[in-house]
Amino acid sequence: MRLIKPRADAAAVASTIIVRTLDEHELVRILEPQVQAVVYAPPALPAWMGELAGAVAAGEFRVRRTILGEVTGAEIAGWLEDNLPVGVVAEAVRDALVADVLALVERQRAMTESSRFMLRIFTGAPTRDCGFHVDTVPPGAPRFGLLRVYNGAGTDYVEPAALISMRGFYRYASRRERLAREWAEARAGDDESVRRRALADLVQLDEERAFLAGPERVETAPAGAIVAFRHLDVRHHWSTDERHRAWIHCSPMQGEPRLVVNVTAHRSATGRFSRPGGG
Ligand SMILES: [Fe+2]
């Protein structure tokens, strides 16, 4: 039996990989302990996604930012039927989207044996509000989730080998939180020079990417890709020995509105993924 150390060590970090694949069956590789993310980019996207993409980008197909917590697949299906826009895209396109989101939920169910999920869904134009970050889950929840962005600019992410240290990443993350807050305050104020300086500081931080071995060492998951990726137990956020555990990623900051869907699972019925190092 293979034992998994709960603490990171150099070997664990060195062996951490991100799988890029054209084969959706490889998404289950997120269950392998050394895999931090699986980026499945379909070789060709279905026609319905093209029509949907146009309507989202034009701001016609809109979904308000929503988090459904601890819901069943049936509840998610009901919410989608009741809340996705009607009459904006062809009925077959809307139906295909509903089926696609439910397929993500089913994928997560199959990998976690959970029957309850958290679904995050929204449409919106990219902003500079958020930089590189890791997603978290509550203690005991399976530590991976699925992301699908249906159109627009892709999601940037960091190759584990390009990260200098987790300490450096958290230094960036906490500074970014502060600068983003200052920029929000500046936008609410009426001093143009303060606003310009706050934005310039934020842009500089985003472009430096000082936590990487080179600012260019960023990959992009294209629109239409499904990403299965490792989350952090929220208790381990800001812990510096967790480098191999979670996917460091960043949404685009400019471009057309996008439709974004994120699925995680609640505690599995068997507790299979709640032990340390298990997922
Ligand atoms: Fe995220």
# chains A, B, ... in the order shown; residues from 1 in each chain; ligands from 1
>>> residues_around(residues="range 256-262 of chain A", least_positions_apart="5", cutoff="6 Å", atoms="only C-alpha atoms", output="PDB file with C-alpha atoms, in the first residue's frame")
ATOM      1  CA  ALA A  57     -19.934  37.779 -25.125  1.00  0.00           C
ATOM      2  CA  LEU A 119     -22.199  25.007  -7.689  1.00  0.00           C
ATOM      3  CA  ARG A 120     -20.851  28.424  -8.576  1.00  0.00           C
ATOM      4  CA  ILE A 121     -22.085  29.994 -11.788  1.00  0.00           C
ATOM      5  CA  PHE A 122     -22.004  33.468 -13.274  1.00  0.00           C
ATOM      6  CA  THR A 123     -21.532  35.522 -16.378  1.00  0.00           C
ATOM      7  CA  GLY A 124     -19.482  38.680 -16.255  1.00  0.00           C
ATOM      8  CA  ALA A 125     -16.736  40.678 -17.883  1.00  0.00           C
ATOM      9  CA  LEU A 146     -14.179  21.090 -11.701  1.00  0.00           C
ATOM     10  CA  LEU A 147     -14.083  24.337 -13.622  1.00  0.00           C
ATOM     11  CA  ARG A 148     -15.473  25.067 -17.054  1.00  0.00           C
ATOM     12  CA  VAL A 149     -15.297  28.475 -18.700  1.00  0.00           C
ATOM     13  CA  TYR A 150     -17.480  28.378 -21.773  1.00  0.00           C
ATOM     14  CA  ASN A 151     -16.093  31.308 -23.754  1.00  0.00           C
ATOM     15  CA  GLY A 152     -13.728  34.244 -23.810  1.00  0.00           C
TER      16      GLY A 152
END
>>> closest_atom_pairs(of="chain A", to="ligand 1", cutoff="9 Å", atoms="only C-alpha atoms and all ligand atoms", output="JSON lines")
{"residue": "A:Cys130", "atom": "CA", "partner": "ligand 1", "partner_atom_place_in_ligand_line": "1 (Fe)", "distance": 8.9}
{"residue": "A:Phe132", "atom": "CA", "partner": "ligand 1", "partner_atom_place_in_ligand_line": "1 (Fe)", "distance": 8.2}
{"residue": "A:His133", "atom": "CA", "partner": "ligand 1", "partner_atom_place_in_ligand_line": "1 (Fe)", "distance": 6.3}
{"residue": "A:Val134", "atom": "CA", "partner": "ligand 1", "partner_atom_place_in_ligand_line": "1 (Fe)", "distance": 5.9}
{"residue": "A:Asp135", "atom": "CA", "partner": "ligand 1", "partner_atom_place_in_ligand_line": "1 (Fe)", "distance": 4.9}
{"residue": "A:Thr136", "atom": "CA", "partner": "ligand 1", "partner_atom_place_in_ligand_line": "1 (Fe)", "distance": 8.5}
{"residue": "A:Leu147", "atom": "CA", "partner": "ligand 1", "partner_atom_place_in_ligand_line": "1 (Fe)", "distance": 8.6}
{"residue": "A:His231", "atom": "CA", "partner": "ligand 1", "partner_atom_place_in_ligand_line": "1 (Fe)", "distance": 8.9}
{"residue": "A:Trp247", "atom": "CA", "partner": "ligand 1", "partner_atom_place_in_ligand_line": "1 (Fe)", "distance": 8.6}
{"residue": "A:Ile248", "atom": "CA", "partner": "ligand 1", "partner_atom_place_in_ligand_line": "1 (Fe)", "distance": 8.1}
{"residue": "A:His249", "atom": "CA", "partner": "ligand 1", "partner_atom_place_in_ligand_line": "1 (Fe)", "distance": 6.4}
{"residue": "A:Cys250", "atom": "CA", "partner": "ligand 1", "partner_atom_place_in_ligand_line": "1 (Fe)", "distance": 6.8}
{"residue": "A:Ser251", "atom": "CA", "partner": "ligand 1", "partner_atom_place_in_ligand_line": "1 (Fe)", "distance": 7.4}
{"residue": "A:Asn262", "atom": "CA", "partner": "ligand 1", "partner_atom_place_in_ligand_line": "1 (Fe)", "distance": 8.7}
>>> closest_residue(among="A:Glu91, A:Asp191, A:Asp82, A:Asp23", to="Trp48 in chain A", atoms="only C-alpha atoms")
A:Glu91
>>> atom_distance(atom1="CA of Ala265 in chain A", atom2="CA of Ala141 in chain A")
6.6 Å
>>> residues_around(residues="range 156-172 of chain A", least_positions_apart="3", cutoff="10 Å", atoms="only C-alpha atoms", output="PyMOL selection string")
chain A and resi 13-18+36-37+131-133+153+175-178+205-206+208-222+237-252
>>> select_by_dssp(residues="range 38-173 of chain A", states="strand (DSSP E or B)", output="ChimeraX atom specification")
/A:38-40,66-71,117-124,133,136-137,144-149,155-158,163
>>> write_last_selection(atoms="N, CA and C atoms", output="mmCIF file, in the first residue's frame")
data_model
loop_
_atom_site.group_PDB
_atom_site.id
_atom_site.type_symbol
_atom_site.label_atom_id
_atom_site.label_comp_id
_atom_site.auth_asym_id
_atom_site.auth_seq_id
_atom_site.Cartn_x
_atom_site.Cartn_y
_atom_site.Cartn_z
ATOM 1 N N VAL A 38 -5.803 18.593 -13.940
ATOM 2 C CA VAL A 38 -5.912 17.987 -15.272
ATOM 3 C C VAL A 38 -6.645 18.998 -16.147
ATOM 4 N N VAL A 39 -5.986 19.428 -17.191
ATOM 5 C CA VAL A 39 -6.586 20.403 -18.108
ATOM 6 C C VAL A 39 -6.986 19.650 -19.377
ATOM 7 N N TYR A 40 -8.274 19.421 -19.503
ATOM 8 C CA TYR A 40 -8.783 18.724 -20.678
ATOM 9 C C TYR A 40 -9.326 19.760 -21.659
ATOM 10 N N THR A 66 -24.001 33.380 -8.661
ATOM 11 C CA THR A 66 -24.798 32.543 -7.768
ATOM 12 C C THR A 66 -23.939 31.441 -7.171
ATOM 13 N N ILE A 67 -24.121 31.191 -5.889
ATOM 14 C CA ILE A 67 -23.501 30.025 -5.249
ATOM 15 C C ILE A 67 -24.616 29.188 -4.649
ATOM 16 N N LEU A 68 -24.737 27.946 -5.123
ATOM 17 C CA LEU A 68 -25.683 27.010 -4.520
ATOM 18 C C LEU A 68 -24.867 26.084 -3.636
ATOM 19 N N GLY A 69 -25.083 26.129 -2.347
ATOM 20 C CA GLY A 69 -24.280 25.315 -1.429
ATOM 21 C C GLY A 69 -25.055 24.105 -0.953
ATOM 22 N N GLU A 70 -24.361 23.000 -0.856
ATOM 23 C CA GLU A 70 -24.938 21.759 -0.315
ATOM 24 C C GLU A 70 -26.254 21.369 -0.985
ATOM 25 N N VAL A 71 -26.205 21.274 -2.304
ATOM 26 C CA VAL A 71 -27.405 20.929 -3.073
ATOM 27 C C VAL A 71 -27.190 19.591 -3.796
ATOM 28 N N PHE A 117 -23.411 18.978 -3.433
ATOM 29 C CA PHE A 117 -22.393 19.730 -4.170
ATOM 30 C C PHE A 117 -22.520 21.222 -3.887
ATOM 31 N N MET A 118 -21.434 21.921 -4.255
ATOM 32 C CA MET A 118 -21.540 23.370 -4.326
ATOM 33 C C MET A 118 -21.355 23.760 -5.793
ATOM 34 N N LEU A 119 -22.291 24.532 -6.306
ATOM 35 C CA LEU A 119 -22.199 25.007 -7.689
ATOM 36 C C LEU A 119 -22.026 26.515 -7.665
ATOM 37 N N ARG A 120 -21.005 26.974 -8.385
ATOM 38 C CA ARG A 120 -20.851 28.424 -8.576
ATOM 39 C C ARG A 120 -21.020 28.703 -10.056
ATOM 40 N N ILE A 121 -21.831 29.678 -10.377
ATOM 41 C CA ILE A 121 -22.085 29.994 -11.788
ATOM 42 C C ILE A 121 -22.291 31.501 -11.929
ATOM 43 N N PHE A 122 -21.738 32.052 -12.997
ATOM 44 C CA PHE A 122 -22.004 33.468 -13.274
ATOM 45 C C PHE A 122 -21.576 33.801 -14.694
ATOM 46 N N THR A 123 -22.118 34.890 -15.202
ATOM 47 C CA THR A 123 -21.532 35.522 -16.378
ATOM 48 C C THR A 123 -21.047 36.897 -15.944
ATOM 49 N N GLY A 124 -19.976 37.349 -16.584
ATOM 50 C CA GLY A 124 -19.482 38.680 -16.255
ATOM 51 C C GLY A 124 -18.217 38.975 -17.022
ATOM 52 N N HIS A 133 -4.541 32.924 -7.310
ATOM 53 C CA HIS A 133 -5.065 32.456 -6.023
ATOM 54 C C HIS A 133 -5.223 30.942 -6.062
ATOM 55 N N THR A 136 -10.383 27.142 -2.133
ATOM 56 C CA THR A 136 -10.409 26.369 -0.890
ATOM 57 C C THR A 136 -11.738 25.631 -0.764
ATOM 58 N N VAL A 137 -11.712 24.588 0.051
ATOM 59 C CA VAL A 137 -12.938 23.860 0.404
ATOM 60 C C VAL A 137 -13.006 23.756 1.921
ATOM 61 N N PHE A 144 -10.837 18.615 -4.416
ATOM 62 C CA PHE A 144 -10.690 18.968 -5.822
ATOM 63 C C PHE A 144 -12.059 19.335 -6.366
ATOM 64 N N GLY A 145 -12.044 20.047 -7.467
ATOM 65 C CA GLY A 145 -13.290 20.473 -8.085
ATOM 66 C C GLY A 145 -13.103 20.609 -9.581
ATOM 67 N N LEU A 146 -14.192 20.961 -10.248
ATOM 68 C CA LEU A 146 -14.179 21.090 -11.701
ATOM 69 C C LEU A 146 -14.523 22.517 -12.085
ATOM 70 N N LEU A 147 -13.850 22.987 -13.113
ATOM 71 C CA LEU A 147 -14.083 24.337 -13.622
ATOM 72 C C LEU A 147 -14.305 24.250 -15.125
ATOM 73 N N ARG A 148 -15.341 24.915 -15.602
ATOM 74 C CA ARG A 148 -15.473 25.067 -17.054
ATOM 75 C C ARG A 148 -15.827 26.514 -17.362
ATOM 76 N N VAL A 149 -15.023 27.126 -18.194
ATOM 77 C CA VAL A 149 -15.297 28.475 -18.700
ATOM 78 C C VAL A 149 -15.710 28.284 -20.148
ATOM 79 N N THR A 155 -8.041 30.698 -18.650
ATOM 80 C CA THR A 155 -7.617 30.835 -17.250
ATOM 81 C C THR A 155 -6.117 30.560 -17.169
ATOM 82 N N ASP A 156 -5.368 31.526 -16.650
ATOM 83 C CA ASP A 156 -3.922 31.340 -16.496
ATOM 84 C C ASP A 156 -3.633 30.468 -15.281
ATOM 85 N N TYR A 157 -2.560 29.702 -15.363
ATOM 86 C CA TYR A 157 -2.156 28.909 -14.200
ATOM 87 C C TYR A 157 -0.644 28.716 -14.190
ATOM 88 N N VAL A 158 -0.171 28.293 -13.034
ATOM 89 C CA VAL A 158 1.264 28.214 -12.777
ATOM 90 C C VAL A 158 1.706 26.754 -12.797
ATOM 91 N N LEU A 163 7.111 27.730 -9.642
ATOM 92 C CA LEU A 163 6.868 28.447 -8.379
ATOM 93 C C LEU A 163 8.150 28.446 -7.551
#
>>> closest_residue(among="A:Ser193, A:Glu185, A:Pro43, A:Pro138", to="His236 in chain A", atoms="only C-alpha atoms")
A:Pro138
>>> atom_distance(atom1="CA of Arg20 in chain A", atom2="CA of Pro46 in chain A")
19.8 Å
>>> residues_around(residues="Glu81 in chain A", least_positions_apart="4", cutoff="10 Å", atoms="only C-alpha atoms", output="ChimeraX atom specification")
/A:75-77,85-86,94-95,98
>>> atom_distance(atom1="CA of Leu45 in chain A", atom2="CA of Val93 in chain A")
13.1 Å
>>> select_by_dssp(residues="range 16-199 of chain A", states="helix (DSSP H, G or I)", output="MDAnalysis selection string")
chainID A and resid 24:31 47:57 73:83 91:112 160:162 166:188 192:199
